[in-house]
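**Student:** This structure is in structure tokens; I'll ask about it shortly.
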Amino acid sequence: MENDDGPSVTELVQAASDGDQEAWESLVKRYLPLITCVGLRYRVSDDDMADISQTVWIQLVQHLPEIRTPAALPGWIVTTTRNECFKVLKAGRRTIPVDSLMDQFSPVTGRTRAEEPDFDEFLVREERHAALLTAFAELSDQHRSLLALLVVDPPLSYEEISARLDMPIGGIGPTRARALDRLRRSPALAALMSGNLTEDTTKRTGK
Amino acid sequence: MNPHFLDDDVALLALLGEALAESRHPRNDELMAGALAAFSYRTMDQELASLIYDSMLEPEPVGAERTLDTLRTIVFEADEVSIEIEIGDKGIVGQVVPPGRATVTAEHRDGARIQVVTDELGCFTLDTPGRGPVRLHVITKGTTAVTEWTDLGTPN
């Protein structure tokens with residue numbers, strides 16, 4: 001958890017809960033990609049993504065006081081987004097096959113996992129992305145800004161990056177290494193390696 | 001799954017790039033604006049009755065098919081009061097628990113409010129609201145609470 005540069009996620013959650021709009025903005029920038037990543041997994045339409053996203057944020061702002069640890073936030077977000085995707089997918093069908101737990105069938109084709117061999121690969125890739133986005137969200141603003149510029153395609157020169165971040169060129173390499181090290185050591189990536197999902201394993205509703 | 005991306009900076013950065021590129025939604029600006037606007041939905045000083053159960057999220061029984069014509073049941077819970085509602089084609093039927101007379105006000109996002117009084121068992125009915133978030137304010141003899149904003153309208 002970052003604490004050398006700017007507020008931690010826990011501090012942002014507390015501040016937003018106390019009414020700090022800038023803290024809320026920071027949470028939005030950090031975690032919106034995780035929401036769209038989950039939406040991508042369930043292949044929701046663009047219109048539905050907009051509704052789902054706003055619904056998740058509306059729920060989050062009301063439940064901020066309950067999120068007490070930094071680890072709880074990404075799990076909450078993924079579970080809630082998944083639930084909203086589920087509602088949308090369900091609403092799109094007059095009847096749905098009943099062993100169609102979300103991981104059993106492809107929302108796009110309606111075929112089962114057995115019939116669509118690429119689906120598992122797709123899920124694995126999306127899980128990996130979700131873990132990376134979760135880890136990335138917890139980095140400091142400086143590290144996030146730098147890494148975001150380093151993955152731009154076509155690549156930016158170090159001169160360009162230095163100018164944009166107001167960071168000396170000689171500092172880019174070492175900061176990049178530090179940022180990637182933080183990313184690598186994040187609990188979210190450790191969970192991925194040990195096979196645990198990033199989702200909160202207890203459902204929010206319906207137990 | 002290749003774990004080597006964790007040891008190699010170049011591979012890790014490439015994978016991060018892939019994740020960031022894929023998760024950047026075509027309507028990202030709109031999503032961002034919606035998310036920022038959500039800040040105005042916070043509960044502030046009122047006691048929140050959280051949504052603790054929504055039948056739409058239940059897994060379905062094995063060996064049966066279910067259509068979308070069934071009722072949707074939602075339960076909101078605060079410390080001292082809970083509100084259970086059933087949403088059907090004809091409207092909403094609800095009950096405030098523990099049972100007792102209460103005032104229930106449905107508030108829409110645009111500020112419109114509809115107030116009903118329950119019977120002595122806490123039961124009430126409301127017309128089905130349209131799409132869009134709604135929250136219910138509940139005032140009983142001993143307590144007041146407000147549910148979280150929820151879309152109670154029937155999905156199309």
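Following the order of the structure tokens, first chain is A, next is B, and so on, with residues numbered from 1 inside each chain and ligands from 1 in the order they appear.
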Compile the contact shell of range 109-125 of chain B as a VMD selection string: residues with an atom at most 12 Å away, counting only C-alpha atoms, same-chain residues fewer than 5 positions apart removed.

**Tutor:** (chain A and resid 58) or (chain B and resid 38 40 to 41 81 to 88 90 to 104 130 to 141 148 to 151)

**Student:** Output C-alpha atoms for every residue in that selection, as a PDB file, in the first residue's frame.

**Tutor:**
```
ATOM      1  CA  ILE A  58     -24.144   5.351  -6.507  1.00  0.00           C
TER       2      ILE A  58
ATOM      3  CA  ALA B  38     -22.796   9.871  -8.150  1.00  0.00           C
ATOM      4  CA  SER B  40     -24.325  13.691  -4.769  1.00  0.00           C
ATOM      5  CA  TYR B  41     -26.160  10.497  -3.845  1.00  0.00           C
ATOM      6  CA  VAL B  81     -36.291  -1.018  11.002  1.00  0.00           C
ATOM      7  CA  SER B  82     -36.429  -2.922   7.762  1.00  0.00           C
ATOM      8  CA  ILE B  83     -38.580  -2.542   4.689  1.00  0.00           C
ATOM      9  CA  GLU B  84     -39.595  -5.470   2.532  1.00  0.00           C
ATOM     10  CA  ILE B  85     -41.133  -4.854  -0.854  1.00  0.00           C
ATOM     11  CA  GLU B  86     -42.499  -6.960  -3.673  1.00  0.00           C
ATOM     12  CA  ILE B  87     -42.506  -5.413  -7.109  1.00  0.00           C
ATOM     13  CA  GLY B  88     -45.002  -6.869  -9.561  1.00  0.00           C
ATOM     14  CA  LYS B  90     -49.540  -4.052 -10.734  1.00  0.00           C
ATOM     15  CA  GLY B  91     -47.290  -2.093  -8.400  1.00  0.00           C
ATOM     16  CA  ILE B  92     -45.336  -2.382  -5.202  1.00  0.00           C
ATOM     17  CA  VAL B  93     -46.571  -4.046  -2.038  1.00  0.00           C
ATOM     18  CA  GLY B  94     -44.444  -3.474   1.024  1.00  0.00           C
ATOM     19  CA  GLN B  95     -44.184  -3.840   4.739  1.00  0.00           C
ATOM     20  CA  VAL B  96     -42.267  -1.991   7.395  1.00  0.00           C
ATOM     21  CA  VAL B  97     -40.816  -4.313  10.023  1.00  0.00           C
ATOM     22  CA  PRO B  98     -41.263  -4.505  12.978  1.00  0.00           C
ATOM     23  CA  PRO B  99     -44.945  -4.185  12.102  1.00  0.00           C
ATOM     24  CA  GLY B 100     -46.541  -0.893  12.997  1.00  0.00           C
ATOM     25  CA  ARG B 101     -47.935   2.292  11.558  1.00  0.00           C
ATOM     26  CA  ALA B 102     -45.407   4.258   9.523  1.00  0.00           C
ATOM     27  CA  THR B 103     -45.135   6.892   6.858  1.00  0.00           C
ATOM     28  CA  VAL B 104     -43.338   5.854   3.699  1.00  0.00           C
ATOM     29  CA  GLY B 130     -40.504   4.391 -13.716  1.00  0.00           C
ATOM     30  CA  ARG B 131     -36.853   3.649 -14.355  1.00  0.00           C
ATOM     31  CA  GLY B 132     -34.291   5.530 -12.407  1.00  0.00           C
ATOM     32  CA  PRO B 133     -33.166   5.530  -8.794  1.00  0.00           C
ATOM     33  CA  VAL B 134     -35.757   5.824  -6.051  1.00  0.00           C
ATOM     34  CA  ARG B 135     -35.345   5.769  -2.300  1.00  0.00           C
ATOM     35  CA  LEU B 136     -37.891   5.235   0.425  1.00  0.00           C
ATOM     36  CA  HIS B 137     -37.980   7.382   3.552  1.00  0.00           C
ATOM     37  CA  VAL B 138     -39.564   5.608   6.488  1.00  0.00           C
ATOM     38  CA  ILE B 139     -40.780   7.305   9.634  1.00  0.00           C
ATOM     39  CA  THR B 140     -42.081   5.123  12.433  1.00  0.00           C
ATOM     40  CA  LYS B 141     -42.933   6.028  15.988  1.00  0.00           C
ATOM     41  CA  GLU B 148     -30.322   3.395  -0.498  1.00  0.00           C
ATOM     42  CA  TRP B 149     -31.101   4.678  -3.970  1.00  0.00           C
ATOM     43  CA  THR B 150     -32.337   1.729  -5.993  1.00  0.00           C
ATOM     44  CA  ASP B 151     -33.850   1.283  -9.405  1.00  0.00           C
TER      45      ASP B 151
END
```

**Student:** Leaving out range 44-57 of chain B and any residue of its chain fewer than 5 positions from it, which residues lie within 10 Å of it when counting only C-alpha atoms, given as a PyMOL selection string?

**Tutor:** (chain A and resi 17-19+59+62-63+83-84+86-87+90-91+203-207) or (chain B and resi 68+70-86+135-138+143-150)

**Student:** Which of these residues is nearest to Gly34 in chain B, using only C-alpha atoms: A:Arg82, A:Met193, A:Val28, A:Tyr42?

**Tutor:**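 Between A:Arg82, A:Met193, A:Val28, A:Tyr42, the residue approaching Gly34 in chain B most closely is A:Val28.
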
**Student:** Excluding same-chain residues fewer than 3 positions from range 15-30 of chain B, what lies within 7 Å of it counting only C-alpha atoms, as a list of chain:residue names?

**Tutor:** A:Pro33, A:Thr36, A:Cys37, A:His129, A:Leu132, A:Leu133, A:Val151, B:Ala11, B:Leu12, B:Ala33, B:Gly34

**Student:** Using N, CA and C atoms, can you export the residues from the last selection as a PDB file, in the first residue's frame?

**Tutor:**
```pdb
ATOM      1  N   PRO A  33     -11.530   1.789 -14.356  1.00  0.00           N
ATOM      2  CA  PRO A  33     -11.081   0.730 -15.263  1.00  0.00           C
ATOM      3  C   PRO A  33     -11.452  -0.674 -14.781  1.00  0.00           C
ATOM      4  N   THR A  36     -15.095  -1.247 -15.865  1.00  0.00           N
ATOM      5  CA  THR A  36     -15.257  -1.520 -17.289  1.00  0.00           C
ATOM      6  C   THR A  36     -14.639  -2.872 -17.648  1.00  0.00           C
ATOM      7  N   CYS A  37     -13.613  -3.265 -16.920  1.00  0.00           N
ATOM      8  CA  CYS A  37     -13.012  -4.586 -17.147  1.00  0.00           C
ATOM      9  C   CYS A  37     -14.035  -5.686 -16.865  1.00  0.00           C
ATOM     10  N   HIS A 129      -6.325  -9.339 -16.028  1.00  0.00           N
ATOM     11  CA  HIS A 129      -6.454  -7.897 -16.187  1.00  0.00           C
ATOM     12  C   HIS A 129      -7.047  -7.263 -14.941  1.00  0.00           C
ATOM     13  N   LEU A 132      -4.430  -6.966 -12.297  1.00  0.00           N
ATOM     14  CA  LEU A 132      -3.478  -5.892 -12.601  1.00  0.00           C
ATOM     15  C   LEU A 132      -4.086  -4.521 -12.358  1.00  0.00           C
ATOM     16  N   LEU A 133      -5.338  -4.354 -12.766  1.00  0.00           N
ATOM     17  CA  LEU A 133      -5.988  -3.062 -12.573  1.00  0.00           C
ATOM     18  C   LEU A 133      -6.174  -2.763 -11.088  1.00  0.00           C
ATOM     19  N   VAL A 151       3.135   3.001 -21.109  1.00  0.00           N
ATOM     20  CA  VAL A 151       2.460   1.982 -21.926  1.00  0.00           C
ATOM     21  C   VAL A 151       1.755   2.577 -23.134  1.00  0.00           C
TER      22      VAL A 151
ATOM     23  N   ALA B  11       7.758  -7.524 -19.440  1.00  0.00           N
ATOM     24  CA  ALA B  11       6.531  -8.309 -19.615  1.00  0.00           C
ATOM     25  C   ALA B  11       5.403  -7.774 -18.736  1.00  0.00           C
ATOM     26  N   LEU B  12       5.753  -7.397 -17.504  1.00  0.00           N
ATOM     27  CA  LEU B  12       4.738  -6.884 -16.578  1.00  0.00           C
ATOM     28  C   LEU B  12       4.144  -5.589 -17.116  1.00  0.00           C
ATOM     29  N   ALA B  33     -18.005  11.064 -16.022  1.00  0.00           N
ATOM     30  CA  ALA B  33     -18.942  12.104 -15.590  1.00  0.00           C
ATOM     31  C   ALA B  33     -20.040  11.504 -14.706  1.00  0.00           C
ATOM     32  N   GLY B  34     -20.569  10.355 -15.116  1.00  0.00           N
ATOM     33  CA  GLY B  34     -21.608   9.685 -14.320  1.00  0.00           C
ATOM     34  C   GLY B  34     -21.104   9.307 -12.949  1.00  0.00           C
TER      35      GLY B  34
END
```

**Student:** List the neighbours of Leu34 in chain A out to 9 Å using only C-alpha atoms; skip same-chain residues closer than 2 positions along the sequence, and give me the result as a list in words.

**Tutor:**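 What passes the distance filter is Arg30, Tyr31, Leu32, Thr36, Cys37, Val38, Gly39, Pro74, Ile77, Val78, His129, Ala130, Ala131, Leu133, Thr134 and Ala137 of chain A; Ser23 of chain B.
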
**Student:** I need the residue nearest Val9 in chain A from this list: A:Gln142, A:Ser45, A:Ser26, A:Thr81. Use only C-alpha atoms for the distance.

**Tutor:**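 Among A:Gln142, A:Ser45, A:Ser26, A:Thr81, it is A:Ser26 that comes nearest to Val9 in chain A.
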
**Student:** Which of these residues is nearest to Glu121 in chain A, using only C-alpha atoms: A:Gln54, A:Arg41, A:Trp24, A:Pro154?

**Tutor:**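 Of A:Gln54, A:Arg41, A:Trp24, A:Pro154, the one nearest Glu121 in chain A is A:Arg41, counting only C-alpha atoms.
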
**Student:** Could you please write out, as number ranges by chain, every residue of range 28-87 of chain B that DSSP assigns to alpha helix (DSSP H)?

**Tutor:** B: 28-37
